[in-house]
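Q: If it helps, the file is called work26.txt and holds compact mmCIF, C-alpha atoms:
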```txt
# COMPACT_ATOMS: atom_id res chain seq x y z
CA MET A 1 26.95 -41.88 -4.08
CA ILE A 2 27.45 -45.44 -5.23
CA LEU A 3 26.21 -46.24 -8.73
CA CYS A 4 24.94 -49.81 -9.17
CA GLY A 5 24.08 -49.70 -12.86
CA HIS A 6 24.71 -47.32 -15.74
CA PHE A 7 23.51 -43.75 -15.20
CA GLU A 8 24.08 -40.99 -17.73
CA GLN A 9 26.55 -38.31 -16.67
CA SER A 10 23.90 -35.59 -17.08
CA VAL A 11 21.72 -37.41 -14.51
CA ILE A 12 24.62 -37.73 -12.07
CA ASP A 13 25.45 -34.04 -12.55
CA ARG A 14 21.83 -33.07 -11.82
CA ILE A 15 21.67 -35.24 -8.70
CA SER A 16 25.02 -33.85 -7.52
CA ALA A 17 23.67 -30.31 -7.90
CA ASP A 18 20.49 -31.28 -5.99
CA ILE A 19 22.47 -32.73 -3.09
CA LEU A 20 24.68 -29.66 -2.88
CA ASN A 21 21.61 -27.40 -3.06
CA PHE A 22 19.53 -29.22 -0.44
CA PHE A 23 22.17 -30.60 1.93
CA TYR A 24 25.16 -28.29 1.35
CA PHE A 25 27.75 -30.98 0.78
CA PRO A 26 29.53 -32.13 -2.39
CA LEU A 27 29.14 -35.57 -3.84
CA GLU A 28 31.74 -38.24 -4.40
CA VAL A 29 30.66 -40.80 -7.00
CA LYS A 30 31.84 -44.41 -6.86
CA GLU A 31 30.97 -47.44 -8.95
CA CYS A 32 29.13 -50.35 -7.34
CA THR A 33 31.11 -53.44 -6.43
CA LEU A 34 28.12 -55.51 -5.29
CA ASN A 35 27.09 -58.71 -7.02
CA LEU A 36 23.31 -58.29 -6.87
CA THR A 37 22.45 -61.97 -7.36
CA SER A 38 22.59 -62.69 -3.63
CA PHE A 39 19.92 -60.01 -3.00
CA TYR A 40 17.47 -61.42 -5.55
CA ASN A 41 14.36 -63.18 -4.25
CA PRO A 42 13.21 -65.57 -7.00
CA THR A 43 9.76 -66.03 -5.46
CA ARG A 44 9.05 -62.31 -5.64
CA ARG A 45 11.28 -61.64 -8.67
CA GLN A 46 12.61 -58.60 -6.84
CA TYR A 47 15.62 -57.50 -4.85
CA ASP A 48 15.50 -57.32 -1.05
CA ALA A 49 16.00 -53.67 -0.09
CA ASN A 50 16.79 -54.54 3.53
CA LEU A 51 19.67 -56.80 2.53
CA LEU A 52 20.90 -54.30 -0.05
CA ILE A 53 20.93 -51.35 2.32
CA ASN A 54 22.95 -53.36 4.85
CA ALA A 55 25.47 -54.33 2.18
CA VAL A 56 25.74 -50.74 0.93
CA SER A 57 26.27 -49.60 4.50
CA GLU A 58 29.30 -51.89 4.70
CA LEU A 59 30.67 -50.44 1.42
CA SER A 60 30.28 -46.88 2.62
CA SER A 61 33.42 -44.88 3.20
CA PRO A 62 33.99 -44.25 6.93
CA ASP A 63 34.47 -40.54 6.27
CA ALA A 64 31.29 -40.20 4.18
CA ILE A 65 28.61 -37.91 5.61
CA LYS A 66 25.87 -40.05 4.02
CA THR A 67 25.85 -42.72 1.32
CA ILE A 68 23.09 -43.13 -1.23
CA SER A 69 23.24 -45.96 -3.77
CA LEU A 70 21.40 -45.88 -7.06
CA PHE A 71 19.98 -48.99 -8.69
CA ARG A 72 17.91 -50.05 -11.70
CA VAL A 73 16.29 -53.12 -10.12
CA ASP A 74 12.88 -53.77 -8.58
CA LEU A 75 13.16 -53.35 -4.78
CA PHE A 76 10.93 -54.71 -2.03
CA ILE A 77 10.75 -54.96 1.72
CA PRO A 78 8.83 -57.87 3.25
CA ILE A 79 5.83 -55.78 4.36
CA LEU A 80 5.39 -53.95 1.02
CA THR A 81 4.93 -55.03 -2.58
CA TYR A 82 7.68 -52.65 -3.71
CA VAL A 83 9.60 -49.56 -2.66
CA PHE A 84 11.14 -46.73 -4.66
CA GLY A 85 13.90 -46.39 -2.09
CA GLN A 86 14.78 -46.87 1.53
CA SER A 87 16.97 -45.20 4.14
CA MET A 88 18.02 -45.79 7.67
CA LEU A 89 16.34 -43.03 9.70
CA ASN A 90 19.15 -40.92 11.17
CA GLY A 91 21.51 -43.42 9.61
CA SER A 92 24.27 -43.13 7.11
CA THR A 93 22.86 -45.08 4.18
CA GLY A 94 20.04 -45.02 1.65
CA ILE A 95 19.17 -46.78 -1.60
CA VAL A 96 16.99 -45.71 -4.52
CA SER A 97 15.94 -47.48 -7.72
CA LEU A 98 14.68 -46.19 -11.06
CA TYR A 99 12.78 -49.41 -11.75
CA ARG A 100 9.27 -48.53 -10.46
CA LEU A 101 9.54 -44.90 -11.58
CA ARG A 102 9.23 -45.72 -15.30
CA ASN A 103 5.96 -44.78 -17.04
CA GLU A 104 6.14 -47.90 -19.23
CA LEU A 105 5.59 -50.08 -16.17
CA TYR A 106 2.12 -48.54 -15.83
CA GLY A 107 1.12 -48.73 -19.48
CA LEU A 108 2.01 -45.10 -20.19
CA GLU A 109 4.29 -43.55 -22.78
CA GLN A 110 7.98 -43.33 -21.91
CA ASP A 111 8.93 -39.95 -20.45
CA ASN A 112 12.61 -39.64 -19.53
CA HIS A 113 12.21 -36.12 -18.16
CA LEU A 114 9.50 -37.28 -15.72
CA LEU A 115 11.54 -40.39 -14.87
CA ILE A 116 14.56 -38.31 -13.82
CA GLU A 117 12.37 -35.83 -11.92
CA ARG A 118 10.84 -38.72 -9.93
CA PHE A 119 14.28 -40.22 -9.35
CA ARG A 120 15.63 -36.92 -8.00
CA LYS A 121 12.66 -36.57 -5.63
CA VAL A 122 13.14 -40.06 -4.22
CA ILE A 123 16.88 -39.48 -3.71
CA ILE A 124 16.30 -36.21 -1.83
CA HIS A 125 13.46 -37.84 0.16
CA GLU A 126 15.65 -40.77 1.22
CA LEU A 127 18.54 -38.48 2.16
CA GLY A 128 16.03 -36.48 4.22
CA HIS A 129 15.30 -39.67 6.19
CA ALA A 130 19.02 -40.30 6.60
CA PHE A 131 19.25 -36.85 8.19
CA GLY A 132 16.40 -37.76 10.55
CA LEU A 133 13.35 -36.29 8.80
CA ILE A 134 10.13 -38.30 9.06
CA HIS A 135 7.21 -38.32 6.64
CA CYS A 136 5.40 -35.01 6.31
CA HIS A 137 1.67 -34.42 5.90
CA ASN A 138 2.11 -31.41 3.61
CA PRO A 139 0.85 -32.69 0.22
CA VAL A 140 3.60 -30.99 -1.82
CA CYS A 141 6.55 -31.51 0.55
CA ILE A 142 9.25 -33.80 -0.76
CA MET A 143 9.10 -35.66 2.58
CA ARG A 144 5.49 -36.75 2.10
CA SER A 145 5.17 -40.52 1.82
CA SER A 146 4.92 -41.83 -1.75
CA THR A 147 3.22 -45.15 -2.33
CA TYR A 148 2.57 -44.56 -6.05
CA VAL A 149 4.37 -42.63 -8.78
CA GLU A 150 1.39 -40.27 -8.88
CA ASP A 151 2.28 -39.30 -5.30
CA LEU A 152 5.76 -38.37 -6.49
CA ASP A 153 4.35 -36.33 -9.37
CA GLN A 154 2.21 -34.27 -6.97
CA LYS A 155 5.15 -33.37 -4.74
CA GLU A 156 7.38 -30.40 -5.37
CA MET A 157 11.13 -30.70 -5.62
CA ASP A 158 11.51 -28.99 -2.25
CA PHE A 159 10.99 -29.31 1.48
CA CYS A 160 8.09 -27.51 3.13
CA MET A 161 9.08 -24.77 5.59
CA LYS A 162 8.69 -27.10 8.60
CA CYS A 163 10.88 -29.84 7.12
CA ARG A 164 13.44 -27.34 5.81
CA THR A 165 13.73 -25.78 9.28
CA GLU A 166 14.14 -29.20 10.90
CA LEU A 167 16.71 -30.26 8.29
CA ASP A 168 18.70 -27.05 8.75
CA LYS A 169 18.83 -27.73 12.51
CA ARG A 170 20.04 -31.26 11.87
CA LEU A 171 22.64 -30.12 9.37
CA ASP A 172 24.01 -27.69 11.98
CA ILE A 173 24.10 -30.51 14.54
CA ASN A 174 26.08 -32.62 12.10
CA SER A 175 28.40 -29.60 11.52
CA ILE A 176 28.30 -29.89 7.77
```
Any chance you could put this one into structure tokens?
A:
Amino acid sequence: MILCGHFEQSVIDRISADILNFFYFPLEVKECTLNLTSFYNPTRRQYDANLLINAVSELSSPDAIKTISLFRVDLFIPILTYVFGQSMLNGSTGIVSLYRLRNELYGLEQDNHLLIERFRKVIIHELGHAFGLIHCHNPVCIMRSSTYVEDLDQKEMDFCMKCRTELDKRLDINSI
């Protein structure tokens, strides 16, 4: 995991436990070395997720199983207004940002517990894509598409049986 911004140790510990629990591999944490200014789009006032994910892919350790980078900036892809995260399907890299997960952005009271729960769900979701899982139609599956934070809140912190079975097959294929 590459940290591109300050994240509390308790959050990193929780995410590390989630990754071990869901994907059965330990986490190595590295600090970000990217200068984010070149990824900023002044017209949109956001950061280009496509450019970022390519840059993170280049930073990834060659012996890493998967790399997920955590940010605190507003991400977009050209066809969407914003994204919570993005991964290369069956690829090695994903990115996730806390920015759009904050209640305050939607005129609601700050809730750090809910913020971290949303963040964890997006991280696991994006890693699911990196392992080849596609969006699921089960309304509570972590792999269901999430356009809004309310979608994240409705999902459980778990894969449905179908997605879990598919992930387990893929993890065996990758001999993790």
Q: Go through range 105-151 of chain A residue by residue and, counting all atoms listed in the file, keep those with an atom at most 10 Å from range 15-19 of chain A; for each kept residue give the shortest atom pair and its distance in Å to one decimal, ordered by chain and increasing number, as JSON lines.
A:
```
{"residue": "A:Ile116", "atom": "CA", "partner": "A:Ile15", "partner_atom": "CA", "distance": 9.3}
{"residue": "A:Glu117", "atom": "CA", "partner": "A:Ile15", "partner_atom": "CA", "distance": 9.9}
{"residue": "A:Phe119", "atom": "CA", "partner": "A:Ile15", "partner_atom": "CA", "distance": 8.9}
{"residue": "A:Arg120", "atom": "CA", "partner": "A:Ile15", "partner_atom": "CA", "distance": 6.3}
{"residue": "A:Lys121", "atom": "CA", "partner": "A:Asp18", "partner_atom": "CA", "distance": 9.5}
{"residue": "A:Ile123", "atom": "CA", "partner": "A:Ile15", "partner_atom": "CA", "distance": 8.1}
{"residue": "A:Ile124", "atom": "CA", "partner": "A:Ile19", "partner_atom": "CA", "distance": 7.2}
{"residue": "A:Leu127", "atom": "CA", "partner": "A:Ile19", "partner_atom": "CA", "distance": 8.7}
```
Q: How many Å lie between CA of Cys32 in chain A and CA of His6 in chain A, rounded to one decimal?
A: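 For CA of Cys32 in chain A relative to CA of His6 in chain A, the distance reads 10.0 Å.
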Q: Take the point (18.1, -55.3, -1.4) as written in the file and pick out every residue within 12 Å of it, counting all atoms listed in the file; give the list as JSON, numbers by chain.
A: {"A": [4, 34, 35, 36, 37, 38, 39, 40, 41, 45, 46, 47, 48, 49, 50, 51, 52, 53, 54, 55, 56, 57, 69, 70, 71, 72, 73, 74, 75, 76, 77, 78, 82, 83, 84, 85, 86, 87, 94, 95, 96, 97]}
Q: CA of Lys30 in chain A to CA of Val122 in chain A: how many Å, to one decimal?
A: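 Answer for the CA of Lys30 in chain A to CA of Val122 in chain A separation: 19.4 Å.
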Q: For a quick check of understanding, using all atoms listed in the file, which of A:Leu27, A:Leu105, A:Leu80, A:Ile12 has the smallest distance to Val149 in chain A?
A: A:Leu105
Q: Using Å and a single decimal, report how far CA of Cys163 in chain A sits from CA of His137 in chain A.
A: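 Going from CA of His137 in chain A over to CA of Cys163 in chain A covers 10.4 Å.
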